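Here is the file model.txt (compact mmCIF, C-alpha atoms).
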```txt
# COMPACT_ATOMS: atom_id res chain seq x y z
CA MET Z 597 -52.10 -9.74 -83.17
CA ARG Z 598 -51.81 -13.31 -81.84
CA ARG Z 599 -48.08 -12.95 -81.94
CA TYR Z 600 -48.20 -9.91 -79.61
CA ILE Z 601 -50.61 -11.65 -77.20
CA ARG Z 602 -48.38 -14.73 -77.06
CA ALA Z 603 -45.31 -12.58 -76.35
CA LEU Z 604 -47.18 -10.70 -73.59
CA MET Z 605 -48.22 -13.98 -71.96
CA LEU Z 606 -44.65 -15.27 -72.03
CA CYS Z 607 -43.37 -12.05 -70.46
CA THR Z 608 -46.05 -12.25 -67.74
CA VAL Z 609 -45.14 -15.88 -66.88
CA PHE Z 610 -41.43 -15.01 -66.81
CA ALA Z 611 -42.04 -12.04 -64.54
CA MET Z 612 -44.15 -14.17 -62.19
CA PHE Z 613 -41.46 -16.85 -61.81
CA SER Z 614 -38.77 -14.18 -61.40
CA GLY Z 615 -40.83 -12.57 -58.63
CA LEU Z 616 -41.26 -15.90 -56.85
CA TYR Z 617 -37.53 -16.55 -57.06
CA VAL Z 618 -36.63 -13.12 -55.64
CA TYR Z 619 -39.22 -13.50 -52.85
CA SER Z 620 -37.84 -16.88 -51.83
CA LYS Z 621 -34.32 -15.46 -51.67
CA LEU Z 622 -35.43 -12.55 -49.52
CA PHE Z 623 -37.34 -14.85 -47.17
CA TYR Z 624 -34.45 -17.22 -46.53
CA SER Z 625 -32.00 -14.34 -46.22
CA ASP Z 626 -34.18 -12.77 -43.53
CA VAL Z 627 -34.46 -16.03 -41.59
CA SER Z 628 -30.74 -16.74 -41.66
CA GLY Z 629 -29.47 -13.37 -40.49
CA GLY Z 630 -30.74 -10.35 -42.39
CA GLY Z 631 -33.55 -7.88 -41.80
CA ASN Z 632 -35.42 -8.05 -38.52
CA GLY Z 633 -35.58 -11.84 -38.33
CA PRO Z 634 -33.64 -14.13 -35.99
CA ARG Z 635 -29.90 -13.48 -35.87
CA ARG Z 636 -27.08 -15.92 -35.48
CA VAL Z 637 -25.57 -15.74 -32.02
CA PHE Z 638 -22.29 -17.42 -31.14
CA ILE Z 639 -22.54 -19.10 -27.71
CA PRO Z 640 -19.13 -20.40 -26.59
CA GLN Z 641 -19.10 -24.03 -25.52
CA ARG Z 642 -18.40 -24.84 -21.88
CA VAL Z 643 -15.39 -26.99 -21.44
CA PRO Z 644 -16.61 -30.48 -20.49
CA GLY Z 645 -16.00 -30.98 -16.81
CA GLY Z 646 -14.91 -27.36 -16.41
CA ARG Z 647 -16.04 -25.24 -13.52
CA ARG Z 648 -16.02 -21.63 -12.53
CA GLY Z 649 -12.75 -20.81 -10.88
CA ALA Z 650 -10.45 -22.70 -13.24
CA ALA Z 651 -7.58 -20.68 -14.67
CA ASP Z 652 -8.10 -19.60 -18.26
CA LYS Z 653 -4.76 -20.25 -19.92
CA THR Z 654 -5.99 -19.80 -23.46
CA GLY Z 655 -5.94 -16.60 -25.46
CA PRO Z 656 -3.20 -14.02 -25.94
CA GLN Z 657 -0.54 -13.75 -23.28
CA SER Z 658 0.47 -10.33 -21.95
CA PRO Z 659 4.07 -9.42 -22.76
CA HIS Z 660 4.42 -7.59 -19.44
CA TRP Z 661 6.21 -8.95 -16.36
CA TYR Z 662 3.02 -8.49 -14.36
CA ASN Z 663 1.08 -11.01 -16.47
CA ARG Z 664 -1.65 -12.43 -14.23
CA TYR Z 665 -4.01 -15.37 -13.99
CA ILE Z 666 -7.63 -14.38 -13.43
CA MET Z 667 -8.96 -17.38 -11.56
CA ARG Z 668 -12.53 -16.32 -10.99
CA GLN Z 669 -14.71 -13.32 -11.78
CA ARG Z 670 -18.06 -13.83 -10.11
CA GLY Z 671 -20.98 -11.68 -11.19
CA GLN Z 672 -20.01 -11.02 -14.81
CA GLY Z 673 -22.35 -12.43 -17.43
CA GLU Z 674 -24.54 -14.19 -14.87
CA ALA Z 675 -27.69 -12.13 -15.37
CA GLY Z 676 -30.12 -14.12 -17.48
CA GLY Z 677 -32.56 -12.89 -20.11
CA GLY Z 678 -32.50 -9.57 -21.89
CA SER Z 679 -33.87 -7.42 -19.11
CA VAL Z 680 -32.22 -4.06 -18.53
CA GLN Z 681 -30.65 -3.94 -15.06
CA SER Z 682 -29.47 -0.92 -13.09
CA ARG Z 683 -25.73 -0.43 -13.00
CA PRO Z 684 -24.32 -1.93 -9.77
CA GLU Z 685 -22.41 0.25 -7.34
CA PRO Z 686 -18.63 -0.10 -7.85
CA PRO Z 687 -17.09 -2.51 -5.33
CA MET Z 688 -14.40 -1.75 -2.80
CA HIS Z 689 -11.05 -3.29 -3.72
CA LEU Z 690 -9.03 -5.24 -1.14
CA ALA Z 691 -5.58 -6.70 -1.91
CA VAL Z 692 -3.47 -9.20 0.02
CA VAL Z 693 -0.29 -11.19 -0.59
CA ALA Z 694 0.07 -14.81 0.60
CA CYS Z 695 3.22 -16.89 0.45
CA GLY Z 696 4.42 -19.93 2.34
CA GLU Z 697 2.22 -21.04 5.24
CA ARG Z 698 -0.16 -18.08 5.04
CA LEU Z 699 -3.21 -19.74 3.45
CA GLU Z 700 -5.37 -20.15 6.56
CA GLU Z 701 -4.33 -16.80 7.99
CA THR Z 702 -5.24 -15.04 4.72
CA LEU Z 703 -8.60 -16.80 4.52
CA THR Z 704 -9.37 -15.70 8.10
CA MET Z 705 -8.56 -12.10 7.15
CA ILE Z 706 -10.85 -12.36 4.12
CA LYS Z 707 -13.53 -13.91 6.30
CA SER Z 708 -13.44 -10.92 8.67
CA ALA Z 709 -13.61 -8.48 5.73
CA VAL Z 710 -16.56 -10.20 4.04
CA LEU Z 711 -18.38 -10.86 7.31
CA PHE Z 712 -18.72 -7.24 8.36
CA SER Z 713 -18.62 -5.20 5.17
CA ILE Z 714 -21.67 -3.42 3.78
CA LYS Z 715 -20.79 -2.74 0.14
CA SER Z 716 -19.52 -5.53 -2.12
CA LEU Z 717 -15.82 -6.35 -2.20
CA HIS Z 718 -13.47 -7.31 -4.99
CA LEU Z 719 -10.58 -9.30 -3.54
CA HIS Z 720 -7.19 -9.27 -5.27
CA ILE Z 721 -5.27 -12.26 -3.91
CA PHE Z 722 -1.58 -12.49 -4.87
CA ALA Z 723 -0.31 -15.96 -4.01
CA GLU Z 724 2.29 -18.52 -4.94
CA ASP Z 725 1.02 -20.83 -7.66
CA GLN Z 726 0.80 -23.87 -5.39
CA LEU Z 727 -1.73 -22.01 -3.21
CA HIS Z 728 -4.15 -21.07 -6.01
CA ALA Z 729 -6.25 -24.23 -5.99
CA SER Z 730 -6.52 -24.16 -2.20
CA PHE Z 731 -7.77 -20.57 -2.22
CA ILE Z 732 -10.39 -21.37 -4.85
CA LYS Z 733 -11.56 -24.52 -3.07
CA ALA Z 734 -11.92 -22.70 0.25
CA LEU Z 735 -13.68 -19.60 -1.11
CA GLU Z 736 -16.04 -21.63 -3.30
CA SER Z 737 -17.05 -23.70 -0.26
CA TRP Z 738 -18.51 -20.66 1.48
CA PRO Z 739 -22.33 -20.44 1.45
CA GLY Z 740 -24.21 -18.63 -1.31
CA PHE Z 741 -25.39 -15.70 0.78
CA ILE Z 742 -21.73 -14.94 1.54
CA HIS Z 743 -20.69 -15.32 -2.11
CA SER Z 744 -23.09 -12.55 -3.07
CA ARG Z 745 -20.96 -10.08 -1.13
CA PHE Z 746 -17.68 -10.46 -3.02
CA ASN Z 747 -15.82 -11.27 -6.21
CA TYR Z 748 -12.22 -12.37 -6.26
CA THR Z 749 -9.21 -12.63 -8.54
CA VAL Z 750 -6.15 -14.76 -7.82
CA TYR Z 751 -2.80 -13.66 -9.27
CA SER Z 752 0.61 -15.23 -9.50
CA ILE Z 753 3.42 -13.52 -7.63
CA SER Z 754 5.40 -11.43 -10.12
CA PHE Z 755 8.26 -8.96 -10.01
CA PRO Z 756 10.29 -7.18 -12.71
CA SER Z 757 12.25 -10.01 -14.31
CA GLU Z 758 15.66 -8.35 -14.11
CA ASN Z 759 15.42 -7.99 -10.31
CA ALA Z 760 12.83 -10.61 -9.36
CA ALA Z 761 15.04 -12.58 -6.95
CA GLU Z 762 16.12 -9.45 -5.09
CA TRP Z 763 12.55 -8.17 -4.66
CA LYS Z 764 11.18 -11.54 -3.60
CA LYS Z 765 13.65 -12.04 -0.74
CA LEU Z 766 13.32 -8.47 0.56
CA PHE Z 767 12.29 -8.67 4.25
CA LYS Z 768 9.75 -11.56 4.04
CA PRO Z 769 8.99 -13.70 0.96
CA CYS Z 770 6.70 -11.83 -1.46
CA ALA Z 771 6.03 -8.94 0.96
CA SER Z 772 7.32 -6.34 -1.49
CA GLN Z 773 4.65 -7.37 -4.02
CA ARG Z 774 2.51 -4.54 -2.56
CA LEU Z 775 4.91 -1.97 -4.04
CA PHE Z 776 3.94 -3.07 -7.54
CA LEU Z 777 0.16 -3.01 -7.15
CA PRO Z 778 -0.22 0.32 -9.00
CA LEU Z 779 1.67 -1.18 -11.94
CA ILE Z 780 -0.22 -4.50 -11.97
CA LEU Z 781 -3.77 -3.37 -11.21
CA LYS Z 782 -3.77 -0.71 -13.92
CA ASP Z 783 -7.56 -0.76 -14.30
CA VAL Z 784 -8.19 -0.27 -10.57
CA ASP Z 785 -8.44 3.28 -9.26
CA SER Z 786 -8.06 2.66 -5.53
CA VAL Z 787 -7.35 -0.30 -3.27
CA VAL Z 788 -6.95 -1.23 0.39
CA TYR Z 789 -3.82 -3.32 0.85
CA VAL Z 790 -3.52 -5.36 4.05
CA ASP Z 791 -1.03 -7.89 5.36
CA SER Z 792 -2.35 -11.42 5.74
CA ASP Z 793 -2.25 -11.09 9.56
CA ILE Z 794 -4.92 -8.37 9.60
CA LEU Z 795 -8.39 -8.83 11.12
CA PHE Z 796 -11.22 -6.41 10.43
CA LEU Z 797 -13.33 -5.76 13.51
CA GLN Z 798 -15.69 -3.43 11.66
CA PRO Z 799 -16.70 -2.94 7.98
CA VAL Z 800 -14.02 -2.25 5.38
CA ASP Z 801 -16.39 0.52 4.25
CA HIS Z 802 -15.27 2.76 7.10
CA LEU Z 803 -11.63 2.50 6.03
CA TRP Z 804 -12.61 2.95 2.37
CA ALA Z 805 -14.33 6.22 3.35
CA PHE Z 806 -10.92 7.83 4.00
CA LEU Z 807 -10.57 8.13 0.22
CA SER Z 808 -13.19 10.86 0.25
CA GLN Z 809 -11.13 12.72 2.87
CA PHE Z 810 -8.01 12.92 0.68
CA ASN Z 811 -7.09 16.44 -0.30
CA SER Z 812 -5.78 17.21 -3.78
CA SER Z 813 -2.22 16.06 -3.02
CA GLN Z 814 -2.83 12.97 -0.88
CA LEU Z 815 -2.61 9.56 -2.56
CA ALA Z 816 -2.16 7.09 0.32
CA ALA Z 817 -3.13 6.62 3.95
CA MET Z 818 -1.34 4.68 6.70
CA ALA Z 819 -1.08 4.66 10.50
CA PRO Z 820 2.03 5.64 12.49
CA GLU Z 821 4.46 2.90 13.44
CA HIS Z 822 4.31 4.10 17.07
CA GLU Z 823 2.45 6.58 19.21
CA GLU Z 824 5.11 6.87 21.88
CA PRO Z 825 8.52 8.08 20.62
CA ARG Z 826 10.33 6.70 23.69
CA ILE Z 827 9.61 3.13 22.61
CA ALA Z 828 9.41 3.72 18.84
CA TRP Z 829 11.78 1.96 16.47
CA TYR Z 830 12.43 4.33 13.58
CA ASN Z 831 13.45 7.41 15.57
CA ARG Z 832 15.87 5.29 17.66
CA PHE Z 833 17.36 2.79 15.21
CA ALA Z 834 16.63 3.63 11.55
CA ARG Z 835 19.61 4.29 9.28
CA HIS Z 836 17.53 5.92 6.57
CA PRO Z 837 14.96 8.72 6.25
CA PHE Z 838 11.47 7.96 7.58
CA TYR Z 839 8.09 9.65 7.73
CA GLY Z 840 7.14 11.97 10.59
CA ARG Z 841 8.22 11.47 14.20
CA THR Z 842 7.99 7.69 14.46
CA GLY Z 843 7.60 6.37 10.90
CA ILE Z 844 4.59 4.62 9.33
CA ASN Z 845 3.46 0.99 9.35
CA SER Z 846 2.43 -0.41 5.97
CA GLY Z 847 0.38 -3.37 7.22
CA VAL Z 848 -2.78 -1.43 6.36
CA MET Z 849 -2.37 0.86 3.36
CA LEU Z 850 -5.10 2.72 1.48
CA MET Z 851 -3.97 3.75 -2.01
CA ASN Z 852 -5.36 5.98 -4.73
CA MET Z 853 -3.37 4.20 -7.43
CA THR Z 854 -4.45 6.53 -10.21
CA ARG Z 855 -2.72 9.37 -8.39
CA MET Z 856 0.28 7.17 -7.60
CA ARG Z 857 0.71 6.32 -11.28
CA ASN Z 858 0.52 9.98 -12.31
CA MET Z 859 2.68 11.47 -9.55
CA PHE Z 860 6.30 12.59 -9.93
CA PHE Z 861 7.85 11.86 -6.53
CA LYS Z 862 10.54 14.00 -4.96
CA ASN Z 863 13.59 11.98 -3.92
CA ASP Z 864 17.21 12.27 -2.78
CA MET Z 865 18.69 10.65 -5.89
CA THR Z 866 17.88 13.18 -8.59
CA SER Z 867 16.77 16.79 -8.79
CA VAL Z 868 13.72 15.85 -10.88
CA GLY Z 869 10.66 13.94 -9.77
CA LEU Z 870 10.38 10.25 -10.65
CA ARG Z 871 7.31 8.21 -11.44
CA TRP Z 872 6.48 5.28 -9.17
CA GLU Z 873 7.88 2.67 -11.56
CA GLU Z 874 11.09 4.72 -12.02
CA LEU Z 875 11.61 5.24 -8.30
CA LEU Z 876 11.49 1.77 -6.75
CA MET Z 877 14.63 0.07 -8.06
CA PRO Z 878 17.02 3.02 -7.62
CA LEU Z 879 15.69 3.45 -4.09
CA LEU Z 880 16.37 -0.19 -3.26
CA GLN Z 881 19.87 -0.02 -4.72
CA LYS Z 882 20.71 3.04 -2.65
CA TYR Z 883 19.32 1.88 0.68
CA LYS Z 884 19.32 -1.94 0.60
CA LEU Z 885 22.21 -2.16 3.09
CA ASN Z 886 20.48 0.23 5.50
CA ILE Z 887 16.91 -1.05 5.62
CA THR Z 888 15.54 -3.55 8.12
CA TRP Z 889 11.83 -3.82 7.39
CA GLY Z 890 12.08 -4.11 3.60
CA ASP Z 891 9.32 -2.51 1.56
CA GLN Z 892 7.94 -0.68 4.62
CA ASP Z 893 11.26 1.13 4.95
CA LEU Z 894 11.14 2.09 1.26
CA LEU Z 895 7.65 3.53 1.77
CA ASN Z 896 8.94 5.51 4.76
CA ILE Z 897 11.72 6.95 2.61
CA ILE Z 898 9.29 7.88 -0.18
CA PHE Z 899 6.84 9.63 2.13
CA HIS Z 900 9.65 11.32 4.09
CA HIS Z 901 10.38 13.23 0.89
CA ASN Z 902 6.69 13.57 -0.05
CA PRO Z 903 4.82 14.07 3.28
CA GLU Z 904 2.04 16.06 1.60
CA CYS Z 905 1.03 12.88 -0.26
CA LEU Z 906 0.13 10.90 2.86
CA LEU Z 907 -2.96 10.96 5.06
CA GLU Z 908 -2.15 9.63 8.53
CA PHE Z 909 -5.01 7.75 10.18
CA PRO Z 910 -5.17 6.86 13.90
CA CYS Z 911 -3.57 3.78 15.44
CA GLN Z 912 -6.96 2.10 16.03
CA TRP Z 913 -6.93 1.34 12.27
CA ASN Z 914 -3.73 -0.69 12.64
CA TYR Z 915 -3.59 -1.90 16.25
CA ARG Z 916 -0.56 -4.10 16.96
CA PRO Z 917 0.99 -5.71 20.05
CA ASP Z 918 3.28 -2.66 20.25
CA HIS Z 919 0.24 -0.64 21.32
CA CYS Z 920 -0.32 -2.69 24.46
CA ILE Z 921 2.72 -4.85 25.19
CA TYR Z 922 4.22 -2.23 27.54
CA GLY Z 923 0.87 -0.80 28.60
CA SER Z 924 -1.83 0.84 26.50
CA ASN Z 925 -0.48 3.59 24.22
CA CYS Z 926 -3.13 4.02 21.52
CA ALA Z 927 -5.40 6.87 22.57
CA SER Z 928 -7.91 6.47 19.72
CA ALA Z 929 -8.46 2.80 20.63
CA GLU Z 930 -8.91 3.71 24.27
CA GLU Z 931 -11.70 6.05 23.23
CA ASP Z 932 -13.54 4.15 20.47
CA GLY Z 933 -12.14 0.61 20.49
CA ILE Z 934 -9.98 -1.22 17.95
CA TYR Z 935 -11.11 -1.08 14.32
CA ILE Z 936 -8.42 -3.26 12.70
CA LEU Z 937 -6.24 -5.78 14.55
CA HIS Z 938 -2.74 -6.46 13.21
CA GLY Z 939 -1.20 -9.65 14.61
CA ASN Z 940 2.35 -9.11 13.43
CA ARG Z 941 5.30 -11.12 14.76
CA GLY Z 942 3.23 -14.30 14.45
CA VAL Z 943 1.17 -13.64 17.59
CA TYR Z 944 -1.88 -15.44 16.19
CA HIS Z 945 0.10 -18.67 16.20
CA ASP Z 946 2.02 -18.67 19.48
CA ASN Z 947 1.28 -17.91 23.11
CA LYS Z 948 3.18 -14.63 23.43
CA GLN Z 949 0.03 -12.50 23.09
CA PRO Z 950 -2.93 -14.76 23.94
CA ALA Z 951 -5.46 -11.91 23.62
CA PHE Z 952 -4.57 -11.46 19.93
CA ARG Z 953 -4.67 -15.20 19.37
CA ALA Z 954 -8.10 -15.46 21.02
CA VAL Z 955 -9.59 -12.96 18.55
CA TYR Z 956 -8.02 -14.77 15.60
CA GLU Z 957 -9.25 -18.19 16.73
CA ALA Z 958 -12.78 -16.89 17.40
CA ILE Z 959 -13.13 -15.54 13.85
CA ARG Z 960 -11.40 -18.54 12.28
CA LYS Z 961 -13.76 -21.00 13.99
CA TYR Z 962 -16.96 -19.03 13.38
CA SER Z 963 -19.37 -20.71 10.94
CA PHE Z 964 -21.18 -18.44 8.49
CA GLY Z 965 -24.88 -18.19 9.36
CA ALA Z 966 -24.44 -19.13 13.02
CA ASP Z 967 -25.61 -16.71 15.69
CA PRO Z 968 -22.72 -14.21 15.92
CA VAL Z 969 -23.21 -13.46 19.59
CA THR Z 970 -23.44 -16.99 21.00
CA SER Z 971 -21.00 -18.49 18.44
CA LEU Z 972 -18.35 -15.79 18.32
CA LEU Z 973 -18.63 -12.93 20.81
CA ASP Z 974 -19.53 -14.89 23.95
CA PRO Z 975 -16.79 -17.54 23.54
CA LEU Z 976 -14.28 -14.80 22.71
CA GLU Z 977 -15.06 -12.77 25.82
CA GLU Z 978 -14.69 -15.91 27.89
CA GLU Z 979 -11.26 -16.61 26.39
CA LEU Z 980 -10.13 -13.00 26.80
CA LEU Z 981 -10.78 -13.16 30.53
CA LYS Z 982 -8.05 -15.80 30.66
CA THR Z 983 -5.50 -13.35 29.22
CA THR Z 984 -5.63 -10.60 31.83
CA HIS Z 985 -2.19 -11.61 33.16
CA THR Z 986 -0.74 -9.86 30.08
CA TYR Z 987 -0.75 -6.13 29.35
CA CYS Z 988 -2.69 -6.66 26.11
CA GLY Z 989 -5.14 -8.92 27.92
CA LYS Z 990 -5.80 -6.16 30.46
CA SER Z 991 -7.09 -4.08 27.51
CA HIS Z 992 -9.45 -6.84 26.31
CA ALA Z 993 -12.46 -4.50 26.35
CA LEU Z 994 -10.85 -2.59 23.47
CA LEU Z 995 -10.77 -5.77 21.40
CA THR Z 996 -14.52 -6.36 21.62
CA LYS Z 997 -15.94 -2.83 21.72
CA ARG Z 998 -16.23 -2.31 17.95
CA LEU Z 999 -16.46 -6.03 17.25
CA ALA Z 1000 -19.66 -6.31 19.30
CA HIS Z 1001 -21.21 -3.47 17.29
CA SER Z 1002 -20.21 -5.11 14.00
CA LEU Z 1003 -21.57 -8.49 15.06
CA ALA Z 1004 -24.90 -6.92 16.00
CA ASN Z 1005 -25.28 -5.81 12.39
CA ILE Z 1006 -24.61 -9.28 10.95
CA ASN Z 1007 -28.13 -10.47 11.79
CA ARG Z 1008 -29.52 -7.83 9.45
CA LYS Z 1009 -27.60 -9.37 6.54
CA ALA Z 1010 -27.99 -13.05 7.48
CA PRO Z 1011 -30.68 -15.07 5.62
CA ARG Z 1012 -33.85 -16.00 7.45
CA GLY Z 1013 -33.65 -19.66 8.42
CA ARG Z 1014 -30.89 -22.06 7.50
```
Output the file's structure as structure tokens, nothing else.
Amino acid sequence: MRRYIRALMLCTVFAMFSGLYVYSKLFYSDVSGGGNGPRRVFIPQRVPGGRRGAADKTGPQSPHWYNRYIMRQRGQGEAGGGSVQSRPEPPMHLAVVACGERLEETLTMIKSAVLFSIKSLHLHIFAEDQLHASFIKALESWPGFIHSRFNYTVYSISFPSENAAEWKKLFKPCASQRLFLPLILKDVDSVVYVDSDILFLQPVDHLWAFLSQFNSSQLAAMAPEHEEPRIAWYNRFARHPFYGRTGINSGVMLMNMTRMRNMFFKNDMTSVGLRWEELLMPLLQKYKLNITWGDQDLLNIIFHHNPECLLEFPCQWNYRPDHCIYGSNCASAEEDGIYILHGNRGVYHDNKQPAFRAVYEAIRKYSFGADPVTSLLDPLEEELLKTTHTYCGKSHALLTKRLAHSLANINRKAPRGR
């Protein structure tokens, strides 16, 4: 009997120690990563001395010719804590190309876009590598209440490697980069492309709204090159097909790039439709000796054969010296004012069209947060009165009509106090 009691006691002691051992294992396992206890979380180290805006050159490299550098993505991963936040409204996308001496001009365009717009913007800035640091430094120097209105990405200039030199020198350096936006920005549905010499005089939102007016076949929107055929260029001098009566100007171009990527475009080179990426190089090879305005001429040829794909918006959305240099010939601007100013031919930087230069200088010199009327509108109107000896200066009221309305709305967005 004693033998059985002794054996039972030994079994009980063994079971007790075994239980303690198992319990301890379960406890430490739960603490280190199992069960409902604390979990290990990998938090990547910040690079010592690094800052937001530096190019991330680590990680896998894209094999494609349109490999890009994302220089800054504001707004991602900045929300602290674990609170559930409502999904933000998708931003409007605005693209621009800057090469050579276009840094300040491009920044002034961006300034006008950010200043007046209502919804947030995502800027896609394609620039030569030597300009990247300057863009980042300038944009990061803008005040915080302006930063909250936009994100931006800076890209290197890139063309298909087998024809890069030919594309880059077409018309102006880097100008034809816009043709490849649907192939580079593959995750972006729609974008507003503008030349660097564009100034928004009202919110980008109003231009973006044209997307909702597209019918089922339309995939882009541009303004006519001219309103008056007697002084238009394409119908008098072009040696290639062009859109409509007077051609189109590509300085302001709204694109539904999803549709552009999926479309088979009619053309005069083959009996079958070609996709965008299949169309561009053969088109250049066929017409390169006959085109004057580079990529704009190629767009005219494309939409000549596919007119149902284009929405034509009025000239007030792309108002150029041509609309006033021989007297006013933009009816929509006469009625409602100028929405977007296009200072082509370098008129922001010489004295040929002082009214255009006055608008550019007023926006360039304006300091964010200053009173928009006394710091921008009043000095501009004073300068415009000095330009009435020119035809464009005689139409100076058109330059400030929409601008005054846009500036009146800035005070609603400006922070209280400085």
- Message: Between Z:Phe964, Z:Phe838, Z:Tyr922, Z:Tyr789, which residue has the minimum interatomic distance to Ile887 of chain Z, considering all atoms listed in the file?
- Response: Z:Phe838
- Query: Quick one: of Z:Asp893, Z:Ala694, Z:Phe810, Z:Phe731, who's nearest to Pro769 of chain Z, counting all atoms listed in the file?
  - Reply: Z:Ala694
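Comparing Z:Ala734, Z:Ile714, Z:Val787, Z:Cys926 by their smallest distance to Ala819 of chain Z, the closest is Z:Cys926 (using all atoms listed in the file).
Coordinates place atom CA of Ser786 of chain Z at a distance of 5.3 Å from atom CA of Met853 of chain Z.
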- Spatial neighbours of Asn902 of chain Z, max dist 10 Å, all atoms listed in the file, sep filter under 4 positions, as number ranges by chain: Z: 813-814, 839, 860-863, 896-898, 906
What are the closest atom pairs, with distances in Å to one decimal, for all residues of segment 876-981 of chain Z lying within 7 Å of segment 987-1001 of chain Z? Consider all atoms listed in the file, order rows by chain and residue number, and present the result as a Markdown table.
```
| residue | atom | partner | partner_atom | distance |
| --- | --- | --- | --- | --- |
| Z:Cys920 | CA | Z:Cys988 | CA | 4.9 |
| Z:Ile921 | CA | Z:Tyr987 | CA | 5.6 |
| Z:Tyr922 | CA | Z:Tyr987 | CA | 6.6 |
| Z:Gly923 | CA | Z:Tyr987 | CA | 5.6 |
| Z:Ala929 | CA | Z:Leu994 | CA | 6.5 |
| Z:Glu930 | CA | Z:Leu994 | CA | 6.6 |
| Z:Gly933 | CA | Z:Leu994 | CA | 4.6 |
| Z:Ile934 | CA | Z:Leu994 | CA | 5.8 |
| Z:Tyr935 | CA | Z:Arg998 | CA | 6.4 |
| Z:Ala951 | CA | Z:Gly989 | CA | 5.2 |
| Z:Leu973 | CA | Z:Ala1000 | CA | 6.9 |
| Z:Leu980 | CA | Z:His992 | CA | 6.2 |
```
- Coordinates-based distance that separates atom CA of Asp891 of chain Z from atom CA of Gly840 of chain Z (Å, one decimal):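 Atom CA of Asp891 of chain Z lies at a distance of 17.2 Å from atom CA of Gly840 of chain Z.
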- For Glu758 of chain Z, which of Z:Ala816, Z:Met877, Z:Ser808, Z:His822 is the closest residue, counting all atoms listed in the file?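 Closest residue, counting all atoms listed in the file: Z:Met877.
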- Please check which residues have atoms at most 6 Å from (2.3, 4.8, 23.9) in the file's coordinates, counting all atoms listed in the file, and write them as a list in words.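 Final list of nearby residues, as requested, is Glu823, Glu824, Asn925 and Cys926 of chain Z.
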- Shell of 10 Å around Asn940 of chain Z, all atoms listed in the file, local chain residues under 6 positions omitted, as number ranges by chain: Z: 791-794, 847, 915-918, 952
